[in-house]
Amino acid sequence: VVEVYKDKEAYEKHIASPQFKKFFDFASNGISDRAVFQLVPQLLVEKSQPLYFKNGGDFSIRLAEVEVREEDVRAFKAIVSHEMKESIAKEDGVLAMYAGCETDDLRIWMFFEIYQDEESYENHCLTPHFKDYIDKTSQMLVDKKLTVLTGDCLVNQGGLFFEAKRVN
């Protein structure tokens, strides 16, 4: 479950809602293990059209976690922000890209990316802006992990654009 809220008030309203309480009751009994990551958003970008997908489909979804050397965090943010903006602007198959840092450790970055299909993801990896990102950041990383996810329900309003002024 990946959730983005406008602010703390929106989050509090959501967790007080009947639908969340119903989900929480179900999840409390049906989920055997979970990890919660609270992130400081750095760049959140989506295509302008809303995304609504339920029960199946060909979407390609990635969750990436990278650890950046402390001295490179600011430079990494600039490079990755440029790459993500280029991807949304130039690639039809890139639907959403969200990047954030762990609240307690700004060296740990997490990326949640949604592509129209696997071919769109593969094409993304061949673009000049992605290759430039890989080249410029390869020496900045301590560790990286990529997980391929299967989406059950994907919903957004479309058109989200948020960029943090700096890594806090």
# chains A, B, ... in the order shown; residues from 1 in each chain; ligands from 1
$ closest_atom_pairs --of "stretch 138-159 of chain A" --to "stretch 60-82 of chain A" --cutoff "10 Å" --atoms "only C-alpha atoms" --output "Markdown table"
| residue | atom | partner | partner_atom | distance |
| --- | --- | --- | --- | --- |
| A:Ser138 | CA | A:Val68 | CA | 9.7 |
| A:Gln139 | CA | A:Arg69 | CA | 8.8 |
| A:Met140 | CA | A:Arg69 | CA | 5.6 |
| A:Leu141 | CA | A:Val68 | CA | 4.5 |
| A:Val142 | CA | A:Glu67 | CA | 5.3 |
| A:Asp143 | CA | A:Glu67 | CA | 5.1 |
| A:Lys144 | CA | A:Val66 | CA | 4.2 |
| A:Lys145 | CA | A:Glu65 | CA | 5.2 |
| A:Leu146 | CA | A:Ala64 | CA | 4.4 |
| A:Thr147 | CA | A:Leu63 | CA | 5.1 |
| A:Val148 | CA | A:Arg62 | CA | 4.8 |
| A:Leu149 | CA | A:Ile61 | CA | 5.3 |
| A:Thr150 | CA | A:Ile61 | CA | 6.6 |
| A:Gly151 | CA | A:Ile61 | CA | 7.0 |
$ write_last_selection --atoms "C-alpha atoms" --output "PDB file, in the first residue's frame"
ATOM      1  CA  SER A 138      26.509   5.151  -9.748  1.00  0.00           C
ATOM      2  CA  GLN A 139      29.371   6.305  -7.508  1.00  0.00           C
ATOM      3  CA  MET A 140      26.976   8.029  -5.083  1.00  0.00           C
ATOM      4  CA  LEU A 141      25.181   4.835  -4.055  1.00  0.00           C
ATOM      5  CA  VAL A 142      26.074   2.597  -1.142  1.00  0.00           C
ATOM      6  CA  ASP A 143      23.328   0.068  -1.865  1.00  0.00           C
ATOM      7  CA  LYS A 144      20.265  -0.398  -4.052  1.00  0.00           C
ATOM      8  CA  LYS A 145      17.382  -2.833  -4.209  1.00  0.00           C
ATOM      9  CA  LEU A 146      14.669  -3.127  -6.857  1.00  0.00           C
ATOM     10  CA  THR A 147      11.411  -4.993  -6.254  1.00  0.00           C
ATOM     11  CA  VAL A 148       8.879  -5.760  -8.962  1.00  0.00           C
ATOM     12  CA  LEU A 149       5.336  -5.433  -7.628  1.00  0.00           C
ATOM     13  CA  THR A 150       1.958  -6.621  -8.844  1.00  0.00           C
ATOM     14  CA  GLY A 151      -0.752  -4.005  -8.597  1.00  0.00           C
TER      15      GLY A 151
END
$ residues_around --residues "A:Tyr121" --least-positions-apart "6" --cutoff "8 Å" --atoms "only C-alpha atoms" --output "ChimeraX atom specification"
/A:60,93-94,115
$ write_last_selection --atoms "C-alpha atoms" --output "tab-separated table (two decimals), in the first residue's frame"
chain	number	residue	atom	x	y	z
A	60	SER	CA	4.61	-2.65	-14.58
A	93	GLY	CA	4.34	4.83	-20.82
A	94	VAL	CA	5.62	6.41	-17.59
A	115	TYR	CA	4.56	2.11	-16.08
$ atom_distance --atom1 "atom CA of A:Leu154" --atom2 "atom CA of A:Phe53"
5.0 Å
$ residues_around --residues "A:Ala99" --least-positions-apart "5" --cutoff "8 Å" --atoms "only C-alpha atoms" --output "number ranges by chain"
A: 41-44, 109-112
$ closest_residue --among "A:Val155, A:Ile134, A:Leu126, A:Val36" --to "A:Ala96" --atoms "only C-alpha atoms"
A:Val155
$ select_by_dssp --residues "stretch 43-98 of chain A" --states "strand (DSSP E)" --output "JSON, numbers by chain"
{"A": [43, 44, 45, 46, 51, 52, 53, 54, 60, 61, 62, 63, 64, 65, 66, 67, 68, 94, 95, 96, 97, 98]}
$ write_last_selection --atoms "N, CA and C atoms" --output "CSV table (one decimal), in the first residue's frame"
chain,number,residue,atom,x,y,z
A,43,LEU,N,10.1,14.3,-4.7
A,43,LEU,CA,9.5,14.6,-6.0
A,43,LEU,C,8.3,13.6,-6.2
A,44,LEU,N,7.1,14.1,-6.5
A,44,LEU,CA,6.0,13.3,-6.8
A,44,LEU,C,5.4,13.8,-8.1
A,45,VAL,N,5.4,13.0,-9.1
A,45,VAL,CA,5.0,13.4,-10.5
A,45,VAL,C,4.1,12.3,-11.1
A,46,GLU,N,3.0,12.8,-11.7
A,46,GLU,CA,2.1,11.9,-12.4
A,46,GLU,C,1.7,12.5,-13.8
A,51,LEU,N,-5.5,7.9,-12.9
A,51,LEU,CA,-5.3,6.5,-13.1
A,51,LEU,C,-6.3,5.7,-12.2
A,52,TYR,N,-7.0,4.8,-12.8
A,52,TYR,CA,-7.9,3.9,-12.0
A,52,TYR,C,-7.7,2.5,-12.6
A,53,PHE,N,-7.3,1.6,-11.8
A,53,PHE,CA,-7.1,0.2,-12.2
A,53,PHE,C,-7.5,-0.7,-11.1
A,54,LYS,N,-8.2,-1.7,-11.4
A,54,LYS,CA,-8.6,-2.6,-10.4
A,54,LYS,C,-8.7,-4.0,-11.0
A,60,SER,N,3.3,-2.2,-15.1
A,60,SER,CA,4.6,-2.6,-14.6
A,60,SER,C,4.9,-1.7,-13.4
A,61,ILE,N,5.1,-2.2,-12.3
A,61,ILE,CA,5.3,-1.4,-11.1
A,61,ILE,C,6.6,-1.8,-10.4
A,62,ARG,N,7.4,-0.8,-10.0
A,62,ARG,CA,8.6,-1.0,-9.4
A,62,ARG,C,8.7,-0.2,-8.1
A,63,LEU,N,9.3,-0.8,-7.1
A,63,LEU,CA,9.7,-0.2,-5.8
A,63,LEU,C,11.2,-0.3,-5.7
A,64,ALA,N,11.9,0.8,-5.7
A,64,ALA,CA,13.3,0.8,-5.5
A,64,ALA,C,13.7,1.5,-4.2
A,65,GLU,N,14.7,1.0,-3.6
A,65,GLU,CA,15.3,1.6,-2.4
A,65,GLU,C,16.8,1.7,-2.6
A,66,VAL,N,17.3,2.9,-2.4
A,66,VAL,CA,18.7,3.2,-2.6
A,66,VAL,C,19.2,3.9,-1.4
A,67,GLU,N,20.5,3.6,-1.0
A,67,GLU,CA,21.2,4.3,0.0
A,67,GLU,C,22.2,5.1,-0.6
A,68,VAL,N,22.2,6.4,-0.4
A,68,VAL,CA,23.1,7.4,-1.0
A,68,VAL,C,24.2,7.8,0.1
A,94,VAL,N,5.3,6.1,-19.0
A,94,VAL,CA,5.6,6.4,-17.6
A,94,VAL,C,4.4,7.2,-17.0
A,95,LEU,N,3.7,6.5,-16.1
A,95,LEU,CA,2.5,7.1,-15.6
A,95,LEU,C,2.6,7.8,-14.3
A,96,ALA,N,3.5,7.4,-13.4
A,96,ALA,CA,3.7,8.0,-12.1
A,96,ALA,C,5.0,7.7,-11.5
A,97,MET,N,5.7,8.6,-10.9
A,97,MET,CA,6.9,8.4,-10.2
A,97,MET,C,6.9,9.2,-8.9
A,98,TYR,N,7.2,8.5,-7.8
A,98,TYR,CA,7.2,9.1,-6.5
A,98,TYR,C,8.5,8.8,-5.8
$ residues_around --residues "A:Leu106" --least-positions-apart "4" --cutoff "8 Å" --atoms "only C-alpha atoms" --output "ChimeraX atom specification"
/A:73,101-102,167-168
$ residues_around --residues "A:Ala35" --least-positions-apart "3" --cutoff "12 Å" --atoms "only C-alpha atoms" --output "list in words"
Val1, Val2, Ile31, Ser32 and Gln38 of chain A
$ select_by_dssp --residues "stretch 8-164 of chain A" --states "helix (DSSP H, G or I)" --output "ChimeraX atom specification"
/A:8-15,18-30,70-90,118-124,128-137
$ closest_residue --among "A:Tyr5, A:Pro50, A:Glu12, A:Leu39" --to "A:Asp105" --atoms "only C-alpha atoms"
A:Leu39
$ atom_distance --atom1 "atom CA of A:Asp58" --atom2 "atom CA of A:Glu118"
7.4 Å
$ residues_around --residues "stretch 129-133 of chain A" --least-positions-apart "3" --cutoff "8 Å" --atoms "only C-alpha atoms" --output "PDB file with N, CA, C and O atoms, in the first residue's frame"
ATOM      1  N   ILE A  79      19.932  15.313  -9.529  1.00  0.00           N
ATOM      2  CA  ILE A  79      20.039  14.425 -10.685  1.00  0.00           C
ATOM      3  C   ILE A  79      18.774  13.588 -10.853  1.00  0.00           C
ATOM      4  O   ILE A  79      18.222  13.490 -11.952  1.00  0.00           O
ATOM      5  N   VAL A  80      18.297  12.989  -9.771  1.00  0.00           N
ATOM      6  CA  VAL A  80      17.125  12.127  -9.873  1.00  0.00           C
ATOM      7  C   VAL A  80      15.866  12.942 -10.180  1.00  0.00           C
ATOM      8  O   VAL A  80      15.001  12.488 -10.929  1.00  0.00           O
ATOM      9  N   GLU A  83      15.812  13.573 -13.895  1.00  0.00           N
ATOM     10  CA  GLU A  83      15.492  12.350 -14.634  1.00  0.00           C
ATOM     11  C   GLU A  83      14.007  12.031 -14.546  1.00  0.00           C
ATOM     12  O   GLU A  83      13.372  11.672 -15.543  1.00  0.00           O
ATOM     13  N   GLU A  86      11.944  14.458 -16.706  1.00  0.00           N
ATOM     14  CA  GLU A  86      12.130  14.121 -18.120  1.00  0.00           C
ATOM     15  C   GLU A  86      11.297  12.891 -18.479  1.00  0.00           C
ATOM     16  O   GLU A  86      10.676  12.839 -19.538  1.00  0.00           O
ATOM     17  N   SER A  87      11.286  11.890 -17.611  1.00  0.00           N
ATOM     18  CA  SER A  87      10.559  10.650 -17.876  1.00  0.00           C
ATOM     19  C   SER A  87       9.064  10.902 -18.023  1.00  0.00           C
ATOM     20  O   SER A  87       8.432  10.413 -18.968  1.00  0.00           O
ATOM     21  N   HIS A 124      11.984   2.749 -20.986  1.00  0.00           N
ATOM     22  CA  HIS A 124      12.456   3.782 -20.060  1.00  0.00           C
ATOM     23  C   HIS A 124      13.938   3.568 -19.732  1.00  0.00           C
ATOM     24  O   HIS A 124      14.720   4.519 -19.715  1.00  0.00           O
ATOM     25  N   CYS A 125      14.313   2.327 -19.500  1.00  0.00           N
ATOM     26  CA  CYS A 125      15.702   2.012 -19.142  1.00  0.00           C
ATOM     27  C   CYS A 125      16.683   2.280 -20.284  1.00  0.00           C
ATOM     28  O   CYS A 125      17.894   2.365 -20.046  1.00  0.00           O
ATOM     29  N   LEU A 126      16.181   2.449 -21.495  1.00  0.00           N
ATOM     30  CA  LEU A 126      17.038   2.704 -22.663  1.00  0.00           C
ATOM     31  C   LEU A 126      17.141   4.190 -23.023  1.00  0.00           C
ATOM     32  O   LEU A 126      17.899   4.552 -23.915  1.00  0.00           O
ATOM     33  N   LYS A 136      25.625   9.205 -13.733  1.00  0.00           N
ATOM     34  CA  LYS A 136      25.988  10.264 -12.781  1.00  0.00           C
ATOM     35  C   LYS A 136      25.854   9.851 -11.325  1.00  0.00           C
ATOM     36  O   LYS A 136      26.508  10.426 -10.457  1.00  0.00           O
ATOM     37  N   THR A 137      24.991   8.881 -11.034  1.00  0.00           N
ATOM     38  CA  THR A 137      24.749   8.525  -9.630  1.00  0.00           C
ATOM     39  C   THR A 137      25.419   7.224  -9.193  1.00  0.00           C
ATOM     40  O   THR A 137      25.413   6.916  -7.999  1.00  0.00           O
TER      41      THR A 137
END
$ atom_distance --atom1 "atom CA of A:Leu160" --atom2 "atom CA of A:Ala10"
15.6 Å
